[in-house]
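The next block is query_1.txt, given as compact mmCIF, C-alpha atoms (C1' of nucleotides).
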# COMPACT_ATOMS: atom_id res chain seq x y z
CA MET A 1 0.00 0.00 0.00
CA GLN A 2 1.85 3.01 -1.29
CA LYS A 3 -1.21 5.19 -1.61
CA PRO A 4 -2.16 7.20 1.43
CA ILE A 5 -4.10 9.80 -0.57
CA GLN A 6 -5.52 12.38 1.73
CA LYS A 7 -9.15 13.36 1.46
CA ARG A 8 -8.03 16.97 1.37
CA THR A 9 -6.07 16.30 -1.81
CA LEU A 10 -9.05 14.94 -3.67
CA LYS A 11 -11.15 17.87 -2.53
CA THR A 12 -8.61 20.42 -3.73
CA ARG A 13 -8.23 18.68 -7.05
CA ALA A 14 -11.99 18.57 -7.50
CA ARG A 15 -12.19 22.27 -6.69
CA LEU A 16 -9.52 23.04 -9.28
CA LEU A 17 -11.22 20.97 -11.96
CA SER A 18 -14.60 22.46 -11.21
CA ALA A 19 -13.21 25.98 -11.28
CA SER A 20 -11.46 25.19 -14.56
CA GLU A 21 -14.70 24.04 -16.13
CA ASP A 22 -16.38 27.25 -15.06
CA VAL A 23 -13.62 29.35 -16.57
CA VAL A 24 -13.72 27.37 -19.81
CA ALA A 25 -17.49 27.76 -19.98
CA ARG A 26 -17.05 31.51 -19.67
CA ASP A 27 -13.83 32.23 -21.61
CA GLY A 28 -13.29 29.13 -23.74
CA TYR A 29 -10.29 26.82 -23.54
CA GLN A 30 -8.14 29.43 -25.19
CA GLY A 31 -9.06 32.02 -22.58
CA LEU A 32 -8.22 29.94 -19.52
CA ARG A 33 -5.65 31.50 -17.20
CA VAL A 34 -4.13 29.51 -14.37
CA GLU A 35 -4.31 32.55 -12.10
CA GLU A 36 -8.01 32.80 -12.81
CA VAL A 37 -8.52 29.14 -11.95
CA VAL A 38 -6.67 29.27 -8.65
CA LYS A 39 -8.42 32.48 -7.65
CA SER A 40 -11.77 30.90 -8.41
CA ALA A 41 -10.80 27.71 -6.58
CA GLY A 42 -9.44 29.65 -3.63
CA VAL A 43 -5.99 28.08 -3.58
CA ALA A 44 -2.46 29.32 -4.20
CA LYS A 45 -0.79 29.08 -7.57
CA GLY A 46 1.75 26.57 -6.37
CA THR A 47 -1.06 24.22 -5.42
CA PHE A 48 -2.20 24.10 -9.02
CA PHE A 49 1.18 22.85 -10.15
CA ALA A 50 1.28 20.31 -7.36
CA HIS A 51 -1.85 18.78 -8.90
CA PHE A 52 -1.09 19.24 -12.60
CA HIS A 53 2.33 19.15 -14.15
CA ASP A 54 1.53 22.20 -16.25
CA LYS A 55 -1.37 24.04 -17.81
CA ASP A 56 -1.41 21.68 -20.77
CA ALA A 57 -1.89 18.72 -18.43
CA LEU A 58 -5.09 20.28 -17.13
CA MET A 59 -6.21 21.02 -20.67
CA GLU A 60 -5.56 17.43 -21.64
CA ILE A 61 -7.86 16.28 -18.87
CA LEU A 62 -10.65 18.72 -19.68
CA ILE A 63 -10.54 18.15 -23.42
CA GLY A 64 -9.96 14.42 -23.03
CA GLU A 65 -13.05 14.10 -20.86
CA ARG A 66 -15.18 15.85 -23.43
CA LEU A 67 -13.77 13.72 -26.22
CA SER A 68 -14.38 10.57 -24.23
CA THR A 69 -18.04 11.42 -23.90
CA LEU A 70 -18.32 12.05 -27.61
CA LEU A 71 -16.59 8.77 -28.36
CA ASP A 72 -19.04 6.98 -26.07
CA GLN A 73 -21.90 8.46 -28.04
CA ALA A 74 -20.36 7.60 -31.39
CA GLU A 75 -19.81 4.04 -30.25
CA ALA A 76 -23.39 3.73 -29.06
CA GLU A 77 -24.87 4.62 -32.45
CA VAL A 78 -25.39 2.06 -35.19
CA GLU A 79 -22.23 1.32 -37.12
CA PRO A 80 -21.77 3.39 -40.27
CA LYS A 81 -21.76 1.41 -43.50
CA THR A 82 -21.11 4.11 -46.05
CA VAL A 83 -18.72 7.04 -46.32
CA GLU A 84 -21.57 9.44 -45.71
CA GLU A 85 -22.62 7.60 -42.58
CA LEU A 86 -19.03 7.44 -41.43
CA ILE A 87 -18.67 11.19 -41.68
CA THR A 88 -21.94 11.71 -39.86
CA ALA A 89 -20.85 9.35 -37.12
CA LEU A 90 -17.64 11.28 -36.59
CA ASP A 91 -19.20 14.70 -37.05
CA SER A 92 -19.67 15.71 -33.42
CA ILE A 93 -16.13 14.63 -32.61
CA HIS A 94 -14.63 16.58 -35.48
CA THR A 95 -16.76 19.60 -34.69
CA PHE A 96 -15.52 19.66 -31.13
CA MET A 97 -11.93 19.09 -32.21
CA THR A 98 -12.10 22.19 -34.39
CA SER A 99 -14.25 24.27 -32.07
CA GLU A 100 -11.25 26.37 -31.17
CA ARG A 101 -7.95 26.77 -32.91
CA TYR A 102 -6.26 26.38 -29.56
CA VAL A 103 -8.01 23.06 -28.96
CA PHE A 104 -7.01 21.66 -32.33
CA ASP A 105 -3.38 22.66 -31.87
CA LEU A 106 -3.29 21.09 -28.45
CA LEU A 107 -4.86 17.90 -29.77
CA LEU A 108 -2.22 17.56 -32.45
CA ARG A 109 0.52 18.23 -29.95
CA TYR A 110 -0.65 15.51 -27.60
CA SER A 111 -2.13 13.03 -30.06
CA GLY A 112 0.90 10.79 -29.63
CA ALA A 113 2.16 9.57 -26.30
CA ALA A 114 5.54 11.11 -25.65
CA ALA A 115 6.53 8.18 -23.50
CA ILE A 116 5.02 4.74 -23.21
CA GLU A 117 4.64 4.92 -19.46
CA GLU A 118 2.61 8.11 -19.66
CA ILE A 119 -0.14 7.92 -22.23
CA GLY A 120 -2.07 11.10 -21.66
CA PRO A 121 -5.84 11.50 -21.93
CA ILE A 122 -5.68 12.89 -25.44
CA ALA A 123 -3.36 10.22 -26.79
CA HIS A 124 -5.74 7.75 -25.21
CA CYS A 125 -8.68 9.30 -27.06
CA PHE A 126 -6.85 9.16 -30.36
CA GLU A 127 -6.16 5.51 -29.73
CA ARG A 128 -9.84 4.98 -29.01
CA TYR A 129 -10.86 6.91 -32.13
CA PHE A 130 -8.62 4.59 -34.08
CA ARG A 131 -10.04 1.43 -32.49
CA VAL A 132 -13.63 2.51 -33.02
CA VAL A 133 -13.04 3.28 -36.68
CA GLU A 134 -11.11 0.05 -37.10
CA VAL A 135 -14.13 -1.96 -36.00
CA TRP A 136 -16.34 0.02 -38.37
CA MET A 137 -13.92 -0.67 -41.18
CA ALA A 138 -13.95 -4.37 -40.49
CA ASN A 139 -17.74 -4.55 -40.59
CA ALA A 140 -18.49 -2.21 -43.49
CA ASP A 141 -18.22 -2.95 -47.17
CA PHE A 142 -15.11 -0.95 -48.05
CA ARG A 143 -12.01 -2.03 -49.93
CA LYS A 144 -10.59 -5.37 -48.85
CA ASP A 145 -7.07 -5.23 -50.25
CA VAL A 146 -5.94 -3.44 -47.12
CA PRO A 147 -6.49 -4.47 -43.49
CA PRO A 148 -9.02 -2.58 -41.32
CA ASP A 149 -6.38 -1.08 -39.07
CA LEU A 150 -4.65 0.55 -42.02
CA LEU A 151 -7.98 1.83 -43.31
CA ALA A 152 -8.63 3.32 -39.90
CA GLU A 153 -5.24 5.03 -39.83
CA GLY A 154 -6.05 6.54 -43.20
CA VAL A 155 -9.41 7.78 -41.98
CA GLN A 156 -7.63 9.47 -39.11
CA ALA A 157 -5.01 11.00 -41.39
CA PHE A 158 -7.62 12.38 -43.77
CA SER A 159 -9.80 13.63 -40.96
CA ILE A 160 -6.89 15.57 -39.53
CA GLN A 161 -6.11 16.93 -42.98
CA SER A 162 -9.72 18.06 -43.40
CA MET A 163 -9.76 19.69 -40.00
CA SER A 164 -6.46 21.46 -40.65
CA LEU A 165 -7.83 22.97 -43.81
CA LYS A 166 -10.80 24.31 -41.86
CA PHE A 167 -8.40 26.84 -40.33
CA CYS A 168 -6.87 27.64 -43.69
CA ALA A 169 -8.09 30.70 -45.53
CA LEU A 170 -7.03 29.25 -48.88
CA HIS A 171 -9.64 26.50 -48.70
CA GLU A 172 -12.70 28.38 -47.56
CA ALA A 173 -14.88 27.32 -50.47
CA GLN A 174 -15.38 23.76 -49.23
CA THR A 175 -16.70 22.66 -45.89
CA MET A 176 -14.77 20.24 -43.75
CA GLU A 177 -17.37 17.53 -44.40
CA ASP A 178 -17.27 17.94 -48.17
CA ARG A 179 -13.51 17.67 -48.26
CA LEU A 180 -13.54 14.64 -46.02
CA GLU A 181 -16.12 12.95 -48.23
CA ILE A 182 -13.91 13.36 -51.29
CA TYR A 183 -10.90 12.05 -49.42
CA LEU A 184 -12.63 9.08 -47.91
CA LYS A 185 -14.37 7.98 -51.07
CA ALA A 186 -10.99 7.88 -52.79
CA TRP A 187 -9.43 6.12 -49.81
CA LEU A 188 -12.12 3.62 -48.93
CA THR A 189 -13.70 2.84 -52.27
CA PRO A 190 -11.06 3.17 -54.97
CA ALA A 191 -12.27 2.47 -58.50
CA MET A 192 -9.21 1.45 -60.44
CA MET B 1 5.89 55.11 -54.31
CA GLN B 2 4.75 54.26 -50.82
CA LYS B 3 8.02 52.63 -49.87
CA PRO B 4 10.70 54.89 -48.48
CA ILE B 5 12.48 52.06 -46.68
CA GLN B 6 15.48 53.35 -44.82
CA LYS B 7 18.84 51.70 -45.30
CA ARG B 8 19.14 51.50 -41.55
CA THR B 9 16.02 49.36 -41.38
CA LEU B 10 17.37 46.76 -43.76
CA LYS B 11 20.63 46.64 -41.89
CA THR B 12 18.95 46.11 -38.54
CA ARG B 13 16.73 43.41 -39.96
CA ALA B 14 19.72 41.67 -41.51
CA ARG B 15 21.55 41.82 -38.17
CA LEU B 16 18.56 40.30 -36.40
CA LEU B 17 18.25 37.49 -38.93
CA SER B 18 21.95 36.76 -38.87
CA ALA B 19 22.00 36.71 -35.09
CA SER B 20 18.98 34.42 -35.09
CA GLU B 21 20.71 31.96 -37.37
CA ASP B 22 23.71 31.91 -35.07
CA VAL B 23 21.53 31.23 -32.06
CA VAL B 24 19.67 28.46 -33.87
CA ALA B 25 22.95 26.91 -34.96
CA ARG B 26 24.04 26.85 -31.34
CA ASP B 27 20.84 26.11 -29.40
CA GLY B 28 18.43 24.75 -32.03
CA TYR B 29 15.12 26.31 -33.00
CA GLN B 30 13.60 25.22 -29.74
CA GLY B 31 16.32 26.95 -27.75
CA LEU B 32 16.02 30.35 -29.37
CA ARG B 33 15.29 33.20 -26.97
CA VAL B 34 14.37 36.63 -28.27
CA GLU B 35 16.47 38.26 -25.56
CA GLU B 36 19.44 36.25 -26.74
CA VAL B 37 18.90 37.34 -30.33
CA VAL B 38 18.63 41.05 -29.55
CA LYS B 39 21.66 40.90 -27.28
CA SER B 40 23.65 39.24 -30.02
CA ALA B 41 22.38 41.70 -32.62
CA GLY B 42 23.05 44.65 -30.35
CA VAL B 43 19.57 46.14 -30.45
CA ALA B 44 16.79 46.66 -27.96
CA LYS B 45 14.00 44.18 -27.47
CA GLY B 46 11.40 46.53 -28.85
CA THR B 47 13.28 46.70 -32.12
CA PHE B 48 12.82 42.98 -32.60
CA PHE B 49 9.07 43.34 -32.46
CA ALA B 50 9.14 46.29 -34.81
CA HIS B 51 10.66 43.96 -37.39
CA PHE B 52 8.76 40.74 -36.63
CA HIS B 53 5.22 40.54 -35.36
CA ASP B 54 6.18 37.91 -32.83
CA LYS B 55 8.73 35.19 -32.21
CA ASP B 56 6.79 32.76 -34.38
CA ALA B 57 7.01 35.14 -37.33
CA LEU B 58 10.80 34.98 -37.13
CA MET B 59 10.68 31.22 -36.83
CA GLU B 60 8.45 31.03 -39.88
CA ILE B 61 11.06 32.91 -41.87
CA LEU B 62 14.00 30.84 -40.67
CA ILE B 63 12.26 27.50 -41.11
CA GLY B 64 10.58 28.56 -44.33
CA GLU B 65 13.93 29.48 -45.85
CA ARG B 66 15.38 26.11 -45.00
CA LEU B 67 12.34 24.33 -46.39
CA SER B 68 12.49 26.37 -49.57
CA THR B 69 16.04 25.25 -50.20
CA LEU B 70 15.10 21.62 -49.66
CA LEU B 71 12.14 21.99 -52.02
CA ASP B 72 14.46 23.47 -54.65
CA GLN B 73 16.68 20.43 -54.35
CA ALA B 74 13.77 18.00 -54.49
CA GLU B 75 12.45 19.72 -57.58
CA ALA B 76 15.85 19.58 -59.27
CA GLU B 77 16.12 15.80 -58.96
CA VAL B 78 14.58 13.41 -61.47
CA GLU B 79 10.89 12.87 -60.91
CA PRO B 80 10.02 9.85 -58.77
CA LYS B 81 8.06 7.15 -60.54
CA THR B 82 7.50 4.64 -57.74
CA VAL B 83 6.42 4.88 -54.13
CA GLU B 84 9.96 4.09 -53.01
CA GLU B 85 11.39 6.86 -55.15
CA LEU B 86 8.70 9.23 -53.96
CA ILE B 87 9.66 8.62 -50.35
CA THR B 88 13.33 9.06 -51.15
CA ALA B 89 12.61 12.29 -52.96
CA LEU B 90 10.78 13.68 -49.95
CA ASP B 91 13.16 12.24 -47.38
CA SER B 92 15.32 15.28 -46.70
CA ILE B 93 12.22 17.46 -46.34
CA HIS B 94 10.54 15.09 -43.92
CA THR B 95 13.75 14.64 -41.97
CA PHE B 96 14.08 18.38 -41.49
CA MET B 97 10.41 18.74 -40.63
CA THR B 98 10.85 16.26 -37.80
CA SER B 99 14.31 17.34 -36.75
CA GLU B 100 12.85 18.98 -33.66
CA ARG B 101 9.52 18.50 -31.99
CA TYR B 102 9.23 22.27 -31.76
CA VAL B 103 9.76 22.63 -35.50
CA PHE B 104 7.11 20.07 -36.36
CA ASP B 105 4.56 21.66 -34.05
CA LEU B 106 5.23 25.07 -35.52
CA LEU B 107 4.91 23.70 -39.05
CA LEU B 108 1.51 22.23 -38.29
CA ARG B 109 0.38 25.44 -36.67
CA TYR B 110 1.30 27.54 -39.67
CA SER B 111 0.73 25.07 -42.50
CA GLY B 112 -2.47 26.86 -43.39
CA ALA B 113 -2.73 30.55 -44.09
CA ALA B 114 -4.77 32.19 -41.38
CA ALA B 115 -5.86 34.92 -43.74
CA ILE B 116 -5.75 35.08 -47.51
CA GLU B 117 -3.90 38.37 -47.56
CA GLU B 118 -1.09 37.04 -45.43
CA ILE B 119 0.19 33.69 -46.59
CA GLY B 120 3.19 33.10 -44.39
CA PRO B 121 6.45 31.45 -45.47
CA ILE B 122 5.47 28.08 -44.05
CA ALA B 123 2.02 28.02 -45.61
CA HIS B 124 3.76 28.95 -48.84
CA CYS B 125 6.10 25.99 -48.50
CA PHE B 126 3.23 23.60 -47.87
CA GLU B 127 1.56 24.92 -50.98
CA ARG B 128 4.79 24.33 -52.90
CA TYR B 129 5.15 20.83 -51.46
CA PHE B 130 1.66 20.14 -52.71
CA ARG B 131 2.34 21.52 -56.19
CA VAL B 132 5.58 19.59 -56.58
CA VAL B 133 3.96 16.32 -55.57
CA GLU B 134 0.98 17.06 -57.79
CA VAL B 135 3.26 17.25 -60.84
CA TRP B 136 4.95 14.01 -59.83
CA MET B 137 1.54 12.37 -59.48
CA ALA B 138 0.52 13.51 -62.93
CA ASN B 139 3.64 12.05 -64.53
CA ALA B 140 4.00 8.81 -62.63
CA ASP B 141 2.08 5.61 -63.12
CA PHE B 142 -0.18 5.65 -60.09
CA ARG B 143 -3.92 5.17 -59.86
CA LYS B 144 -5.91 7.12 -62.42
CA ASP B 145 -9.40 7.07 -60.92
CA VAL B 146 -8.51 10.13 -58.88
CA PRO B 147 -7.02 13.44 -60.08
CA PRO B 148 -3.35 14.26 -59.35
CA ASP B 149 -4.20 17.10 -56.99
CA LEU B 150 -6.22 14.78 -54.78
CA LEU B 151 -3.43 12.21 -54.87
CA ALA B 152 -1.02 14.93 -53.79
CA GLU B 153 -3.26 15.99 -50.91
CA GLY B 154 -3.32 12.40 -49.78
CA VAL B 155 0.45 12.14 -49.94
CA GLN B 156 0.64 15.22 -47.74
CA ALA B 157 -1.90 13.84 -45.29
CA PHE B 158 -0.10 10.51 -44.97
CA SER B 159 3.29 12.16 -44.70
CA ILE B 160 2.05 14.26 -41.81
CA GLN B 161 0.55 11.18 -40.19
CA SER B 162 3.88 9.34 -40.53
CA MET B 163 5.79 12.26 -39.10
CA SER B 164 3.38 12.60 -36.19
CA LEU B 165 3.89 8.99 -35.27
CA LYS B 166 7.64 9.55 -35.20
CA PHE B 167 7.10 11.49 -31.98
CA CYS B 168 4.80 8.85 -30.58
CA ALA B 169 6.25 6.29 -28.20
CA LEU B 170 3.54 3.78 -29.08
CA HIS B 171 4.83 3.35 -32.62
CA GLU B 172 8.53 3.04 -32.10
CA ALA B 173 8.88 -0.29 -33.89
CA GLN B 174 8.50 1.15 -37.38
CA THR B 175 10.52 3.91 -38.95
CA MET B 176 8.82 6.92 -40.46
CA GLU B 177 9.79 5.74 -43.96
CA ASP B 178 8.42 2.23 -43.48
CA ARG B 179 5.11 3.57 -42.27
CA LEU B 180 4.89 6.00 -45.11
CA GLU B 181 5.62 3.27 -47.63
CA ILE B 182 2.73 1.18 -46.36
CA TYR B 183 0.40 4.19 -46.44
CA LEU B 184 1.39 5.34 -49.89
CA LYS B 185 1.26 1.93 -51.51
CA ALA B 186 -2.30 1.57 -50.28
CA TRP B 187 -3.13 5.14 -51.34
CA LEU B 188 -1.41 5.32 -54.70
CA THR B 189 -1.64 1.76 -55.98
CA PRO B 190 -4.80 0.18 -54.61
CA ALA B 191 -5.38 -3.42 -55.64
CA MET B 192 -9.10 -3.99 -55.36
C1' DT C 1 -1.67 12.75 24.18
C1' DT C 2 2.70 13.96 22.13
C1' DC C 3 5.75 14.48 18.66
C1' DA C 4 8.44 13.65 14.53
C1' DA C 5 8.12 12.60 9.66
C1' DA C 6 5.55 12.99 5.47
C1' DA C 7 2.32 15.28 2.61
C1' DA C 8 -0.12 19.40 1.09
C1' DG C 9 -0.35 24.23 0.49
C1' DT C 10 1.63 29.01 0.13
C1' DG C 11 3.19 33.16 -2.28
C1' DA C 12 7.24 35.76 -3.48
C1' DC C 13 9.99 35.19 -7.25
C1' DC C 14 11.81 34.11 -12.04
C1' DG C 15 11.94 33.55 -17.26
C1' DC C 16 10.48 35.10 -21.31
C1' DG C 17 7.36 36.84 -24.84
C1' DG C 18 5.27 41.01 -25.91
C1' DT C 19 3.79 46.37 -25.27
C1' DC C 20 4.17 51.30 -25.48
C1' DA C 21 5.14 56.09 -24.32
C1' DA C 22 9.22 58.48 -24.88
C1' DT C 23 13.41 59.46 -27.57
C1' DA C 24 16.53 59.67 -31.47
C1' DA C 25 17.51 59.54 -36.21
C1' DA C 26 16.32 60.22 -41.05
C1' DT C 27 13.62 62.63 -44.50
C1' DA C 28 10.97 66.34 -46.50
C1' DA C 29 9.46 71.14 -46.61
C1' DT C 30 10.65 76.11 -46.21
C1' DA D 1 20.67 75.73 -42.90
C1' DT D 2 16.42 75.28 -40.07
C1' DT D 3 12.34 73.37 -38.88
C1' DA D 4 8.53 70.07 -39.25
C1' DT D 5 7.16 65.40 -39.97
C1' DT D 6 7.69 60.86 -40.48
C1' DT D 7 10.13 56.58 -39.25
C1' DA D 8 13.12 53.70 -36.32
C1' DT D 9 14.81 52.59 -31.76
C1' DT D 10 14.75 52.25 -26.86
C1' DG D 11 14.05 50.00 -22.33
C1' DA D 12 11.06 50.04 -18.39
C1' DC D 13 7.08 47.59 -17.78
C1' DC D 14 3.34 43.95 -17.99
C1' DG D 15 1.05 39.22 -18.31
C1' DC D 16 1.28 34.75 -17.40
C1' DG D 17 3.24 30.12 -16.90
C1' DG D 18 6.09 27.86 -13.83
C1' DT D 19 9.49 27.22 -9.45
C1' DC D 20 10.87 26.54 -4.77
C1' DA D 21 12.11 27.42 0.04
C1' DC D 22 9.13 27.74 3.66
C1' DT D 23 4.79 27.05 6.53
C1' DT D 24 0.79 24.43 7.76
C1' DT D 25 -1.75 20.26 8.10
C1' DT D 26 -2.16 15.33 8.40
C1' DT D 27 -0.63 10.96 9.80
C1' DG D 28 1.21 7.27 12.36
C1' DA D 29 4.34 5.65 15.93
C1' DA D 30 5.54 5.91 20.83

As structure tokens:
Amino acid sequence: MQKPIQKRTLKTRARLLSASEDVVARDGYQGLRVEEVVKSAGVAKGTFFAHFHDKDALMEILIGERLSTLLDQAEAEVEPKTVEELITALDSIHTFMTSERYVFDLLLRYSGAAAIEEIGPIAHCFERYFRVVEVWMANADFRKDVPPDLLAEGVQAFSIQSMSLKFCALHEAQTMEDRLEIYLKAWLTPAM
Amino acid sequence: MQKPIQKRTLKTRARLLSASEDVVARDGYQGLRVEEVVKSAGVAKGTFFAHFHDKDALMEILIGERLSTLLDQAEAEVEPKTVEELITALDSIHTFMTSERYVFDLLLRYSGAAAIEEIGPIAHCFERYFRVVEVWMANADFRKDVPPDLLAEGVQAFSIQSMSLKFCALHEAQTMEDRLEIYLKAWLTPAM
DNA sequence: TTCAAAAAGTGACCGCGGTCAATAAATAAT
DNA sequence: ATTATTTATTGACCGCGGTCACTTTTTGAA
């Protein structure tokens, strides 16, 4: 037993998380300031960093939680069988991912686990995204010359590409969904 | 004539850029500090920000210049005709793009032009990357059910995916090139 | 109940990017 | 040449993330 976690600790952490959510609700993820959070939570700044390694670590938790919920919902729906249905199934996730520029940048930065021993919440969500799509790929009627896991990786790559272009002024004509549809039809149902 | 640029201005800017390159050579892009640059250039901090909107703007210039040179070289070589040759042709570019985590993150952040009127150096390079690959796609013997520009966008998307995974501890087994080869063979030469 | 060790919390302080009113230098007008 | 106007430079200052020596609280052994 190497875990004598004090009740006080949990309470403080909960206060910090709750205060963070309030601040995000008011100012967005981008607008969150650590000083604002600790003031609202009624603790000192140093306490914040005793609970979270840095500001990004808190953001990972907040954003990861939201993403987890959306993944739960996506998983609960009926499995998509066409490209259109696939895009619809992922829509809420992609919309949240691109809700703020700051959020998208942070997602990209933490989409891969920096070290095996510490897979953060966001890297975990990307892994889940991949697994969910992989299952869909295995059960839908897409190309069969390539294994489902590779198809899923491609879906992820093209989704990220589509989302990136959403923030790009040069590609304003098309919506994110339209672009993704073009990509995925070429990727999932090639017509040589 | 709305451009009475003083000679002094150009000189100061050149000093700042030169000093920046020295600092990068010594400490890497990640290690560059504005205070270090201005000290080395012998100007005040405020002067830096009169010449560059922010630190990122300087980084865009430095990294964009390097990328431009690499694109020149890639363009000068013989056009790749196979997936293997394609990867080789892009190798030096991808290697530089992933030379530092900081560099890769910055590239992603500025790969798209935030506003049409101000296409930054990095967004410009991504556009060039796309155009170069598009020409290769048009002249090589890859799948023909999809236009070259779409093929090129896919190459970019998969390249970014491969590079991202380079920083991910979960995918250490494969090299960036091996991953990219698997992606691009599935993307460019599907065998339904 | 007492007390020492461990854990949690504090806030003054630092690093560094970025700002801006004041100053100096260059250019144009007389 | 002298003055007026524009342009470039300066450095004290600010915001905000992050640190750390110190204090307070909790815990567990005596």

Leaving out DG15 (chain D) and any residue of its chain fewer than 2 positions from it, which residues lie within 10 Å of it when counting all atoms listed in the file, given as a list of chain:residue names?
-> C:DG17, C:DG18, D:DG17

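Across D:DT26, D:DT3, D:DT9, D:DT19, the tightest approach to DA5 (chain C) is made by D:DT26 when counting only C-alpha atoms (C1' of nucleotides).
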
Report as a Markdown table: every residue of chain D with an atom at most 9 Å from chain B, its closest pair of atoms, and their distance in Å to one decimal, counting all atoms listed in the file, with rows sorted by chain and ascending residue number.
| residue | atom | partner | partner_atom | distance |
| --- | --- | --- | --- | --- |
| D:DT7 | C1' | B:Gln6 | CA | 8.4 |
| D:DA8 | C1' | B:Thr9 | CA | 7.3 |
| D:DT9 | C1' | B:Thr47 | CA | 6.1 |
| D:DT10 | C1' | B:Ala44 | CA | 6.1 |
| D:DG11 | C1' | B:Ala44 | CA | 7.1 |

Inset, instruction - Counting only C-alpha atoms (C1' of nucleotides), collect the residues of chain C whose closest atom lies at most 12 Å from chain B, and write them out as a PyMOL selection string. - result: chain C and resi 15-20+25-28

Could you write out the selected residues, including C-alpha atoms (C1' of nucleotides), as a tab-separated table (two decimals), in the coordinates of the input?
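Generated output (result_19.tsv):
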chain	number	residue	atom	x	y	z
C	15	DG	C1'	11.94	33.55	-17.26
C	16	DC	C1'	10.48	35.10	-21.31
C	17	DG	C1'	7.36	36.84	-24.84
C	18	DG	C1'	5.27	41.01	-25.91
C	19	DT	C1'	3.79	46.37	-25.27
C	20	DC	C1'	4.17	51.30	-25.48
C	25	DA	C1'	17.51	59.54	-36.21
C	26	DA	C1'	16.32	60.22	-41.05
C	27	DT	C1'	13.62	62.63	-44.50
C	28	DA	C1'	10.97	66.34	-46.50

Within 7 Å of chain A, which residues belong to chain B? Use all atoms listed in the file and report them as an MDAnalysis selection string. chainID B and resid 105 109 112:116 143:146 157:158 161 165 167:170 186:187 190:192

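Near Val37 (chain A), within 10 Å and counting only C-alpha atoms (C1' of nucleotides), sit A:Arg15, A:Leu16, A:Leu17, A:Ser18, A:Ala19, A:Ser20, A:Glu21, A:Asp22, A:Val23, A:Val24, A:Val43, A:Ala44, A:Lys45, A:Phe48; same-chain residues fewer than 6 positions away were not included.
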
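One finds CA of Val155 (chain A) at 13.7 Å from CA of Met176 (chain A).
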
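When CA of Glu134 (chain A) is paired with CA of Asp149 (chain A), their separation reads 5.2 Å.
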
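Polymer residues near (8.7, 25.8, -45.3): counting all atoms listed in the file with a cut-off of 10 Å, they are Glu60, Ile61, Leu62, Ile63, Gly64, Glu65, Arg66, Leu67, Ser68, Thr69, Leu70, Leu71, Ile93, Phe96, Met97, Leu107, Tyr110, Ser111, Gly120, Pro121, Ile122, Ala123, His124, Cys125, Phe126, Glu127, Arg128 and Tyr129 of chain B.
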
Reconstruct N, CA and C atoms of region 155-166 of chain B; output as a tab-separated table (two decimals), keeping the file's coordinate frame.
chain	number	residue	atom	x	y	z
B	155	VAL	N	-0.97	12.34	-50.27
B	155	VAL	CA	0.45	12.14	-49.94
B	155	VAL	C	0.83	13.04	-48.76
B	156	GLN	N	0.35	14.28	-48.82
B	156	GLN	CA	0.64	15.22	-47.74
B	156	GLN	C	0.02	14.72	-46.43
B	157	ALA	N	-1.22	14.31	-46.50
B	157	ALA	CA	-1.90	13.84	-45.29
B	157	ALA	C	-1.18	12.64	-44.67
B	158	PHE	N	-0.77	11.70	-45.49
B	158	PHE	CA	-0.10	10.51	-44.97
B	158	PHE	C	1.32	10.83	-44.49
B	159	SER	N	1.96	11.76	-45.15
B	159	SER	CA	3.29	12.16	-44.70
B	159	SER	C	3.21	12.78	-43.31
B	160	ILE	N	2.22	13.63	-43.11
B	160	ILE	CA	2.05	14.26	-41.81
B	160	ILE	C	1.73	13.21	-40.76
B	161	GLN	N	0.88	12.27	-41.12
B	161	GLN	CA	0.55	11.18	-40.19
B	161	GLN	C	1.82	10.41	-39.80
B	162	SER	N	2.64	10.08	-40.81
B	162	SER	CA	3.88	9.34	-40.53
B	162	SER	C	4.80	10.14	-39.62
B	163	MET	N	4.90	11.42	-39.91
B	163	MET	CA	5.79	12.26	-39.10
B	163	MET	C	5.28	12.38	-37.68
B	164	SER	N	3.97	12.52	-37.53
B	164	SER	CA	3.38	12.60	-36.19
B	164	SER	C	3.76	11.38	-35.37
B	165	LEU	N	3.64	10.23	-36.01
B	165	LEU	CA	3.89	8.99	-35.27
B	165	LEU	C	5.35	8.85	-34.88
B	166	LYS	N	6.22	9.60	-35.56
B	166	LYS	CA	7.64	9.55	-35.20
B	166	LYS	C	7.86	10.03	-33.76
